[in-house]
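**Student:** You'll find model-v5.tsv just under this line, and it carries TSV, C-alpha atoms.
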chain	number	residue	atom	x	y	z
A	18	MET	CA	2.09	-26.12	-3.93
A	19	ARG	CA	2.61	-23.35	-6.49
A	20	ILE	CA	1.06	-19.96	-5.79
A	21	CYS	CA	0.99	-17.13	-8.36
A	22	PHE	CA	0.48	-13.64	-7.00
A	23	VAL	CA	-0.78	-11.13	-9.55
A	24	ALA	CA	0.21	-7.95	-7.78
A	25	TRP	CA	2.53	-4.94	-7.84
A	26	GLN	CA	5.91	-6.12	-6.56
A	27	GLY	CA	6.74	-2.55	-5.49
A	28	SER	CA	4.14	-2.75	-2.70
A	29	ILE	CA	5.21	-3.65	0.83
A	30	HIS	CA	1.91	-5.52	1.19
A	31	THR	CA	2.74	-7.74	-1.79
A	32	ARG	CA	6.25	-8.46	-0.54
A	33	ARG	CA	5.01	-9.36	2.93
A	34	TRP	CA	2.34	-11.75	1.66
A	35	VAL	CA	4.70	-13.33	-0.84
A	36	SER	CA	7.58	-13.67	1.61
A	37	TRP	CA	5.39	-15.39	4.20
A	38	PHE	CA	4.54	-18.22	1.81
A	39	ALA	CA	7.99	-18.35	0.20
A	40	ASP	CA	9.69	-18.70	3.59
A	41	ARG	CA	7.49	-21.69	4.35
A	42	GLY	CA	8.58	-23.61	1.30
A	43	TYR	CA	5.85	-22.83	-1.20
A	44	ASP	CA	6.75	-22.39	-4.88
A	45	VAL	CA	5.86	-18.71	-5.28
A	46	HIS	CA	5.72	-16.53	-8.40
A	47	VAL	CA	4.76	-12.86	-8.71
A	48	VAL	CA	3.34	-11.43	-11.93
A	49	THR	CA	3.73	-7.65	-11.84
A	50	CYS	CA	3.55	-4.64	-14.14
A	51	GLY	CA	6.59	-2.70	-12.94
A	52	GLY	CA	8.15	-2.71	-9.50
A	53	GLY	CA	10.21	-5.85	-10.06
A	54	PRO	CA	13.99	-6.14	-9.59
A	55	THR	CA	14.46	-6.24	-13.39
A	56	ARG	CA	12.30	-6.38	-16.49
A	57	GLY	CA	11.38	-9.99	-17.34
A	58	SER	CA	11.74	-12.97	-15.00
A	59	SER	CA	14.16	-12.72	-12.08
A	60	SER	CA	14.72	-14.33	-8.70
A	61	VAL	CA	14.39	-12.69	-5.30
A	62	ARG	CA	17.05	-14.32	-3.13
A	63	SER	CA	17.66	-14.67	0.57
A	64	GLU	CA	20.85	-13.44	2.26
A	65	SER	CA	22.31	-16.93	1.80
A	66	GLY	CA	21.72	-16.74	-1.94
A	67	ARG	CA	18.82	-19.18	-2.00
A	68	THR	CA	15.99	-18.32	-4.40
A	69	ARG	CA	12.97	-17.31	-2.35
A	70	TYR	CA	10.53	-16.60	-5.19
A	71	THR	CA	10.40	-15.57	-8.85
A	72	VAL	CA	9.17	-12.21	-10.15
A	73	HIS	CA	7.83	-11.90	-13.70
A	74	ASP	CA	7.85	-8.16	-14.51
A	75	LEU	CA	5.86	-7.31	-17.65
A	76	GLY	CA	6.86	-3.63	-17.50
A	77	GLU	CA	4.97	-0.49	-16.55
A	78	PRO	CA	1.47	-0.36	-18.06
A	79	TRP	CA	1.09	2.17	-20.86
A	80	PRO	CA	-0.89	4.22	-21.63
A	81	GLY	CA	-2.32	4.55	-18.12
A	82	ARG	CA	-5.04	2.12	-17.10
A	83	VAL	CA	-5.50	0.99	-20.69
A	84	GLY	CA	-2.05	-0.54	-20.37
A	85	TYR	CA	-3.44	-3.19	-18.02
A	86	LEU	CA	-5.96	-4.27	-20.66
A	87	LEU	CA	-3.13	-4.61	-23.17
A	88	ARG	CA	-1.30	-6.91	-20.73
A	89	ILE	CA	-4.18	-9.41	-20.52
A	90	PRO	CA	-2.97	-11.78	-23.30
A	91	ARG	CA	0.56	-11.96	-21.81
A	92	VAL	CA	-0.72	-12.53	-18.28
A	93	ARG	CA	-3.09	-15.24	-19.51
A	94	ARG	CA	-0.30	-17.07	-21.36
A	95	LEU	CA	2.13	-16.74	-18.45
A	96	LEU	CA	-0.30	-17.98	-15.80
A	97	ARG	CA	-1.40	-20.92	-17.90
A	98	ARG	CA	2.23	-21.86	-18.52
A	99	LEU	CA	3.02	-21.67	-14.79
A	100	ASP	CA	-0.14	-23.69	-14.02
A	101	PRO	CA	-0.44	-22.64	-10.34
A	102	ASP	CA	-2.52	-24.35	-7.68
A	103	VAL	CA	-3.74	-20.94	-6.49
A	104	VAL	CA	-3.91	-17.49	-8.14
A	105	HIS	CA	-3.90	-14.61	-5.65
A	106	ALA	CA	-4.65	-11.10	-6.93
A	107	HIS	CA	-3.91	-7.99	-4.89
A	108	PHE	CA	-6.35	-5.15	-5.63
A	109	ALA	CA	-9.78	-5.83	-7.07
A	110	THR	CA	-9.15	-3.43	-9.94
A	111	SER	CA	-6.13	-3.66	-12.28
A	112	TYR	CA	-4.43	-6.80	-10.99
A	113	GLY	CA	-7.74	-8.42	-10.13
A	114	LEU	CA	-8.83	-7.95	-13.74
A	115	LEU	CA	-5.56	-9.44	-15.01
A	116	ALA	CA	-5.86	-12.46	-12.72
A	117	ARG	CA	-9.50	-13.05	-13.59
A	118	SER	CA	-8.69	-12.91	-17.30
A	119	ALA	CA	-6.59	-16.07	-17.05
A	120	GLY	CA	-9.64	-18.07	-16.08
A	121	LEU	CA	-7.73	-20.19	-13.55
A	122	ARG	CA	-9.17	-21.41	-10.27
A	123	PRO	CA	-9.10	-21.11	-7.35
A	124	LEU	CA	-8.80	-17.32	-7.39
A	125	VAL	CA	-8.16	-15.36	-4.19
A	126	VAL	CA	-8.59	-11.57	-4.23
A	127	THR	CA	-7.22	-9.21	-1.60
A	128	ALA	CA	-8.66	-5.68	-1.59
A	129	HIS	CA	-6.59	-2.90	-0.05
A	130	GLY	CA	-8.82	0.17	0.26
A	131	ASP	CA	-9.80	2.50	-2.55
A	132	ASP	CA	-10.38	-0.45	-4.90
A	133	VAL	CA	-13.60	-1.26	-3.02
A	134	LEU	CA	-14.22	2.05	-1.23
A	135	ILE	CA	-13.70	4.70	-3.95
A	136	THR	CA	-13.14	3.22	-7.44
A	137	PRO	CA	-16.58	1.52	-7.59
A	138	ARG	CA	-18.22	4.95	-7.51
A	139	SER	CA	-17.56	5.02	-11.26
A	140	GLY	CA	-20.14	3.00	-13.23
A	141	PRO	CA	-17.73	1.11	-15.56
A	142	MET	CA	-15.18	0.46	-12.81
A	143	ARG	CA	-17.91	-0.70	-10.45
A	144	ARG	CA	-18.78	-3.45	-12.92
A	145	VAL	CA	-15.10	-4.40	-13.23
A	146	VAL	CA	-14.70	-4.68	-9.45
A	147	GLN	CA	-17.95	-6.60	-9.08
A	148	GLY	CA	-16.84	-9.03	-11.80
A	149	VAL	CA	-13.48	-9.64	-10.11
A	150	LEU	CA	-15.00	-10.11	-6.65
A	151	GLY	CA	-17.72	-12.34	-8.06
A	152	ALA	CA	-15.11	-14.63	-9.66
A	153	ALA	CA	-13.16	-15.16	-6.45
A	154	GLU	CA	-13.37	-18.23	-4.22
A	155	LEU	CA	-12.01	-16.19	-1.30
A	156	ILE	CA	-11.79	-12.42	-0.66
A	157	THR	CA	-9.60	-10.91	2.05
A	158	VAL	CA	-9.58	-7.34	3.36
A	159	PRO	CA	-7.59	-5.67	6.16
A	160	ALA	CA	-10.50	-3.97	7.93
A	161	GLU	CA	-14.10	-4.57	8.94
A	162	HIS	CA	-15.49	-1.53	7.10
A	163	MET	CA	-14.01	-2.91	3.88
A	164	GLN	CA	-15.70	-6.25	4.53
A	165	GLN	CA	-19.02	-4.42	4.59
A	166	ALA	CA	-18.14	-2.57	1.37
A	167	VAL	CA	-17.45	-5.89	-0.39
A	168	HIS	CA	-20.78	-7.33	0.76
A	169	GLU	CA	-22.53	-4.24	-0.65
A	170	LEU	CA	-20.77	-4.61	-3.99
A	171	VAL	CA	-21.62	-8.32	-4.39
A	172	PRO	CA	-24.62	-8.82	-2.07
A	173	ASP	CA	-25.70	-12.15	-3.56
A	174	ALA	CA	-22.27	-13.79	-3.62
A	175	ALA	CA	-21.63	-16.74	-1.33
A	176	THR	CA	-17.86	-16.07	-1.41
A	177	PRO	CA	-16.35	-15.78	2.09
A	178	VAL	CA	-14.88	-12.37	2.92
A	179	GLU	CA	-12.22	-12.64	5.62
A	180	VAL	CA	-10.59	-9.81	7.58
A	181	PHE	CA	-6.80	-10.24	7.83
A	182	GLN	CA	-5.11	-7.36	9.64
A	183	TYR	CA	-1.67	-6.52	8.25
A	184	GLY	CA	-0.04	-6.00	11.63
A	185	VAL	CA	3.38	-4.48	12.36
A	186	PRO	CA	6.40	-5.79	14.33
A	187	VAL	CA	5.75	-3.82	17.52
A	188	GLU	CA	8.79	-4.94	19.51
A	189	GLU	CA	11.16	-4.23	16.63
A	190	LEU	CA	9.63	-0.78	16.12
A	191	ILE	CA	9.95	0.01	19.81
A	192	ARG	CA	13.65	-0.85	19.59
A	193	ARG	CA	14.00	1.37	16.52
A	194	SER	CA	12.31	4.24	18.36
A	195	GLU	CA	15.39	4.44	20.55
A	196	GLN	CA	17.33	5.62	17.47
A	197	ALA	CA	15.06	8.63	16.93
A	198	SER	CA	16.61	11.18	14.58
A	199	TRP	CA	15.07	14.37	13.16
A	200	PRO	CA	16.46	15.67	9.83
A	201	MET	CA	15.83	19.38	10.46
A	202	PRO	CA	17.85	21.81	12.62
A	203	ASP	CA	17.06	21.62	16.31
A	204	GLU	CA	14.66	24.41	17.28
A	205	PRO	CA	13.65	24.66	20.95
A	206	GLY	CA	9.90	24.34	21.41
A	207	ALA	CA	9.17	23.52	17.78
A	208	LEU	CA	6.34	21.06	17.12
A	209	ARG	CA	7.59	18.28	14.85
A	210	VAL	CA	5.06	16.91	12.34
A	211	ILE	CA	5.66	14.11	9.83
A	212	SER	CA	3.78	12.68	6.84
A	213	THR	CA	4.76	9.29	5.39
A	214	ARG	CA	1.88	8.77	2.94
A	215	ALA	CA	2.25	8.49	-0.83
A	216	HIS	CA	1.97	11.76	-2.74
A	217	LEU	CA	-1.50	11.09	-4.10
A	218	GLU	CA	-4.65	13.22	-4.09
A	219	LEU	CA	-6.32	10.61	-1.87
A	220	TYR	CA	-4.02	11.41	1.06
A	221	ARG	CA	-4.58	15.21	1.04
A	222	ILE	CA	-1.07	16.15	2.07
A	223	ASP	CA	-1.91	19.63	0.77
A	224	LEU	CA	-4.37	20.01	3.66
A	225	LEU	CA	-1.76	18.84	6.13
A	226	ILE	CA	0.62	21.53	4.83
A	227	ASP	CA	-2.10	24.17	5.27
A	228	ALA	CA	-2.86	22.95	8.80
A	229	VAL	CA	0.80	23.05	9.81
A	230	ALA	CA	1.10	26.55	8.34
A	231	ARG	CA	-1.79	27.71	10.53
A	232	ILE	CA	-0.13	26.21	13.60
A	233	GLY	CA	3.03	28.06	12.58
A	234	GLN	CA	1.22	31.34	13.10
A	235	GLU	CA	0.96	30.53	16.80
A	236	ARG	CA	4.16	28.60	17.62
A	237	PRO	CA	7.33	27.19	16.00
A	238	VAL	CA	6.60	24.14	13.86
A	239	GLN	CA	8.49	21.88	11.45
A	240	LEU	CA	7.06	19.53	8.81
A	241	VAL	CA	8.83	16.56	7.24
A	242	ILE	CA	7.19	14.96	4.19
A	243	ALA	CA	8.50	11.53	3.27
A	244	GLY	CA	7.63	9.42	0.21
A	245	SER	CA	6.91	10.39	-3.38
A	246	GLY	CA	4.27	10.18	-6.06
A	247	PRO	CA	2.60	12.08	-8.91
A	248	LEU	CA	2.04	15.16	-6.72
A	249	THR	CA	5.60	15.46	-5.36
A	250	ALA	CA	6.56	18.56	-7.36
A	251	GLN	CA	3.24	20.26	-6.59
A	252	LEU	CA	3.53	19.51	-2.89
A	253	ALA	CA	7.11	20.76	-2.82
A	254	ARG	CA	6.01	24.13	-4.23
A	255	HIS	CA	3.07	24.30	-1.84
A	256	ALA	CA	5.21	23.48	1.20
A	257	SER	CA	7.85	26.02	0.18
A	258	GLU	CA	5.27	28.78	-0.24
A	259	ALA	CA	3.40	27.96	2.98
A	260	LEU	CA	6.26	27.06	5.31
A	261	GLY	CA	9.56	27.96	3.64
A	262	GLU	CA	12.50	26.39	5.46
A	263	ARG	CA	10.19	24.89	8.06
A	264	ALA	CA	9.20	22.14	5.58
A	265	LEU	CA	11.46	19.41	4.22
A	266	LEU	CA	10.71	16.73	1.61
A	267	VAL	CA	13.00	13.74	2.15
A	268	GLY	CA	11.74	11.35	-0.56
A	269	HIS	CA	11.88	7.57	-0.19
A	270	LEU	CA	14.03	6.35	2.68
A	271	PRO	CA	15.14	2.93	3.96
A	272	PRO	CA	12.73	1.74	6.69
A	273	VAL	CA	15.29	2.21	9.47
A	274	GLU	CA	15.85	5.88	8.56
A	275	LEU	CA	12.15	6.58	8.13
A	276	ASP	CA	11.28	4.93	11.45
A	277	ALA	CA	13.91	7.08	13.19
A	278	MET	CA	12.20	10.22	11.86
A	279	VAL	CA	8.71	9.04	12.83
A	280	ALA	CA	9.99	8.24	16.32
A	281	ALA	CA	11.45	11.74	16.60
A	282	ALA	CA	8.23	13.42	15.47
A	283	ASP	CA	5.65	14.74	17.91
A	284	ILE	CA	2.77	14.30	15.47
A	285	PHE	CA	2.05	11.80	12.68
A	286	GLY	CA	-0.41	13.48	10.33
A	287	SER	CA	-2.65	11.63	7.86
A	288	ILE	CA	-5.73	13.31	6.40
A	289	ALA	CA	-6.70	10.59	3.93
A	290	ASP	CA	-10.14	10.77	2.32
A	291	SER	CA	-10.33	6.97	2.42
A	292	ASP	CA	-8.14	4.11	3.60
A	293	GLY	CA	-7.91	0.45	4.47
A	294	THR	CA	-5.87	-0.37	7.55
A	295	SER	CA	-2.95	2.07	7.35
A	296	LEU	CA	0.39	0.44	8.11
A	297	SER	CA	1.83	3.94	8.42
A	298	LEU	CA	-0.60	4.69	11.23
A	299	LEU	CA	0.12	1.45	13.10
A	300	GLU	CA	3.87	1.98	12.77
A	301	ALA	CA	3.62	5.58	13.97
A	302	MET	CA	1.73	4.49	17.09
A	303	ALA	CA	4.30	1.79	17.83
A	304	LEU	CA	7.11	4.34	17.36
A	305	GLY	CA	5.51	6.77	19.81
A	306	SER	CA	4.39	9.52	17.42
A	307	ILE	CA	0.92	10.81	18.28
A	308	PRO	CA	-1.52	10.35	15.36
A	309	VAL	CA	-3.67	13.23	14.14
A	310	VAL	CA	-5.85	11.69	11.46
A	311	SER	CA	-9.07	12.11	9.50
A	312	ALA	CA	-12.20	10.68	11.13
A	313	ILE	CA	-12.79	7.87	8.64
A	314	PRO	CA	-13.69	4.26	9.55
A	315	ALA	CA	-10.16	3.00	8.81
A	316	ASN	CA	-8.78	5.34	11.49
A	317	THR	CA	-11.56	5.33	14.08
A	318	ALA	CA	-11.04	1.58	14.43
A	319	TRP	CA	-7.65	2.46	15.98
A	320	VAL	CA	-7.88	6.05	17.22
A	321	VAL	CA	-10.54	7.35	19.62
Could you rewrite the structure in this file as structure tokens?
**Tutor:**
Amino acid sequence: MRICFVAWQGSIHTRRWVSWFADRGYDVHVVTCGGGPTRGSSSVRSESGRTRYTVHDLGEPWPGRVGYLLRIPRVRRLLRRLDPDVVHAHFATSYGLLARSAGLRPLVVTAHGDDVLITPRSGPMRRVVQGVLGAAELITVPAEHMQQAVHELVPDAATPVEVFQYGVPVEELIRRSEQASWPMPDEPGALRVISTRAHLELYRIDLLIDAVARIGQERPVQLVIAGSGPLTAQLARHASEALGERALLVGHLPPVELDAMVAAADIFGSIADSDGTSLSLLEAMALGSIPVVSAIPANTAWVV
């Protein structure tokens, strides 16, 4: 069976879905706009050198969201040439629109969070999301509150909406927690706080910086901000002004290094306005860092 994923290859969610099917012998292809190993078609190989699956990288969309619309003819031609048995789109917005444009069936759509919780608040985008969901033979989401959001967007659709939790390798993370390592100078009594979310407005890392600064008025505190994104430079300035040397931005790190920092932290902070099921939250709990999170449905399913 040939499966074509229309999804961003740079996402850990995409790679986990794709790898699961590839490792079980399916003929898997990924159509992505950026995030691939190289521009064009390339193979992702196992440690033994065997081809696991093929990535077709069409390049970063430009300009902005309009760039996805400009990719529609290429995606349509590519998918029809590959002639898959199943097309699986990740995100009901950009990649869902690209997958739907090919007109191939069956179409599976996986929503991840803001694509059904926030984006549909805009009139034009709401119609796009509704069109993508309405074209699917199966919709999957990682959390129950997202299942309800999908039903509200397409109330008359008979399409099944299944909840598939992402899950994390708990035993492996517990072993990694034994290698806990904090990247800032040891300071007796200091509260260690870490953020691992992408540097996007949605995740309100600016509020986390302000909260840590207020704590710093009462006791020693250190903040480590991992990851990157459009707001990285702005957050770096904000953290420097609010906390000085008590804040450190470490950028993107290999999973082993990042897990060691989360394990060494006292607090995992995430003040997202909206979310699906946060892998970062699940990993932090497995690593022993205490979560302090916004009271949104995605979090209250796990934290009480």
**Student:** Nearest to Gly130 of chain A: which of A:Val167, A:Ala116, A:Val103, A:Met302 is it, counting all atoms listed in the file?
**Tutor:**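 Looking at the shortest contact to Gly130 of chain A, the residue is A:Val167.
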**Student:** Closest to Ser63 of chain A among A:Ser118, A:Gln165, A:Ser212, A:Ser36, using all atoms listed in the file?
**Tutor:**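 Once distances to Ser63 of chain A are computed over all atoms listed in the file, the minimum belongs to A:Ser36.
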**Student:** Which value, in Å to one decimal, gives the distance between atom CA of Tyr220 of chain A and atom CA of Cys50 of chain A?
**Tutor:** 23.4 Å
**Student:** Contacts of Glu195 of chain A at 12 Å or less, counting all atoms listed in the file, minus same-chain residues fewer than 4 places along, as a CSV table (one decimal) with C-alpha atoms, in the frame of the given file?
**Tutor:**
chain,number,residue,atom,x,y,z
A,188,GLU,CA,8.8,-4.9,19.5
A,189,GLU,CA,11.2,-4.2,16.6
A,190,LEU,CA,9.6,-0.8,16.1
A,191,ILE,CA,10.0,0.0,19.8
A,273,VAL,CA,15.3,2.2,9.5
A,276,ASP,CA,11.3,4.9,11.4
A,277,ALA,CA,13.9,7.1,13.2
A,278,MET,CA,12.2,10.2,11.9
A,279,VAL,CA,8.7,9.0,12.8
A,280,ALA,CA,10.0,8.2,16.3
A,281,ALA,CA,11.4,11.7,16.6
A,303,ALA,CA,4.3,1.8,17.8
A,304,LEU,CA,7.1,4.3,17.4
A,305,GLY,CA,5.5,6.8,19.8
**Student:** I'd like to know which of A:Arg263, A:Leu224, A:Leu248, A:Leu208 is closest to Arg236 of chain A, using only C-alpha atoms.
**Tutor:**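 When distances to Arg236 of chain A are compared using only C-alpha atoms, the smallest one comes from A:Leu208.
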**Student:** Which distance in Å separates atom CA of Ala119 of chain A and atom CA of Arg94 of chain A, to one decimal?
**Tutor:**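 Separation of atom CA of Ala119 of chain A and atom CA of Arg94 of chain A: 7.7 Å.
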**Student:** Which residues come within 8 Å of Pro159 of chain A, counting all atoms listed in the file, excluding same-chain residues fewer than 5 positions away, as a list in words?
**Tutor:**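 Here the qualifying residues turn out to be Ala128, His129, Val180, Phe181, Gln182, Tyr183, Gly293 and Thr294 of chain A.
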**Student:** What gap, in Å, lies between atom CA of Ala153 of chain A and atom CA of Arg122 of chain A?
**Tutor:**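 Rounded to one decimal, the two atoms are 8.3 Å apart.
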**Student:** Within 10 Å of segment 232-234 of chain A, counting only C-alpha atoms, which residues qualify if same-chain residues fewer than 3 places away don't, as a PyMOL selection string?
**Tutor:** chain A and resi 207-208+226-229+237-239+259-260+263
**Student:** Pick out the closest residue to Gly261 of chain A from this set: A:Ile242, A:Val48, A:Ala230, A:Leu170. Count all atoms listed in the file.
**Tutor:**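 Of the candidates, the smallest distance to Gly261 of chain A is held by A:Ala230.
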**Student:** Complete the atoms of segment 178-193 of chain A to N, CA, C and O atoms and put them out as an mmCIF file, in the coordinates of the input.
**Tutor:**
data_model
loop_
_atom_site.group_PDB
_atom_site.id
_atom_site.type_symbol
_atom_site.label_atom_id
_atom_site.label_comp_id
_atom_site.auth_asym_id
_atom_site.auth_seq_id
_atom_site.Cartn_x
_atom_site.Cartn_y
_atom_site.Cartn_z
ATOM 1 N N VAL A 178 -15.689 -13.594 2.859
ATOM 2 C CA VAL A 178 -14.880 -12.370 2.920
ATOM 3 C C VAL A 178 -14.247 -12.323 4.297
ATOM 4 O O VAL A 178 -14.931 -12.104 5.308
ATOM 5 N N GLU A 179 -12.931 -12.541 4.347
ATOM 6 C CA GLU A 179 -12.220 -12.640 5.620
ATOM 7 C C GLU A 179 -11.414 -11.377 5.897
ATOM 8 O O GLU A 179 -10.837 -10.786 4.980
ATOM 9 N N VAL A 180 -11.379 -10.963 7.157
ATOM 10 C CA VAL A 180 -10.590 -9.810 7.580
ATOM 11 C C VAL A 180 -9.240 -10.291 8.092
ATOM 12 O O VAL A 180 -9.174 -11.022 9.090
ATOM 13 N N PHE A 181 -8.169 -9.929 7.395
ATOM 14 C CA PHE A 181 -6.800 -10.240 7.830
ATOM 15 C C PHE A 181 -6.068 -8.925 8.074
ATOM 16 O O PHE A 181 -5.743 -8.202 7.135
ATOM 17 N N GLN A 182 -5.844 -8.578 9.330
ATOM 18 C CA GLN A 182 -5.110 -7.360 9.640
ATOM 19 C C GLN A 182 -3.653 -7.525 9.200
ATOM 20 O O GLN A 182 -3.067 -8.591 9.330
ATOM 21 N N TYR A 183 -3.069 -6.455 8.675
ATOM 22 C CA TYR A 183 -1.670 -6.520 8.250
ATOM 23 C C TYR A 183 -0.747 -6.736 9.448
ATOM 24 O O TYR A 183 0.100 -7.611 9.450
ATOM 25 N N GLY A 184 -0.915 -5.903 10.461
ATOM 26 C CA GLY A 184 -0.040 -6.000 11.630
ATOM 27 C C GLY A 184 1.333 -5.409 11.372
ATOM 28 O O GLY A 184 1.775 -5.274 10.234
ATOM 29 N N VAL A 185 2.020 -5.006 12.435
ATOM 30 C CA VAL A 185 3.380 -4.480 12.360
ATOM 31 C C VAL A 185 4.214 -5.109 13.474
ATOM 32 O O VAL A 185 3.673 -5.530 14.503
ATOM 33 N N PRO A 186 5.528 -5.196 13.302
ATOM 34 C CA PRO A 186 6.400 -5.790 14.330
ATOM 35 C C PRO A 186 6.628 -4.814 15.479
ATOM 36 O O PRO A 186 7.609 -4.060 15.490
ATOM 37 N N VAL A 187 5.757 -4.831 16.456
ATOM 38 C CA VAL A 187 5.750 -3.820 17.520
ATOM 39 C C VAL A 187 7.074 -3.777 18.269
ATOM 40 O O VAL A 187 7.655 -2.699 18.474
ATOM 41 N N GLU A 188 7.564 -4.932 18.708
ATOM 42 C CA GLU A 188 8.790 -4.940 19.510
ATOM 43 C C GLU A 188 9.970 -4.399 18.731
ATOM 44 O O GLU A 188 10.799 -3.649 19.275
ATOM 45 N N GLU A 189 10.065 -4.753 17.449
ATOM 46 C CA GLU A 189 11.160 -4.230 16.630
ATOM 47 C C GLU A 189 11.043 -2.715 16.467
ATOM 48 O O GLU A 189 12.042 -1.986 16.541
ATOM 49 N N LEU A 190 9.827 -2.221 16.276
ATOM 50 C CA LEU A 190 9.630 -0.780 16.120
ATOM 51 C C LEU A 190 9.953 -0.041 17.411
ATOM 52 O O LEU A 190 10.506 1.065 17.379
ATOM 53 N N ILE A 191 9.614 -0.628 18.528
ATOM 54 C CA ILE A 191 9.950 0.010 19.810
ATOM 55 C C ILE A 191 11.460 0.132 19.946
ATOM 56 O O ILE A 191 11.981 1.163 20.399
ATOM 57 N N ARG A 192 12.182 -0.927 19.544
ATOM 58 C CA ARG A 192 13.650 -0.850 19.590
ATOM 59 C C ARG A 192 14.162 0.241 18.647
ATOM 60 O O ARG A 192 15.080 0.995 18.983
ATOM 61 N N ARG A 193 13.569 0.343 17.472
ATOM 62 C CA ARG A 193 14.000 1.370 16.520
ATOM 63 C C ARG A 193 13.710 2.772 17.041
ATOM 64 O O ARG A 193 14.423 3.724 16.704
#
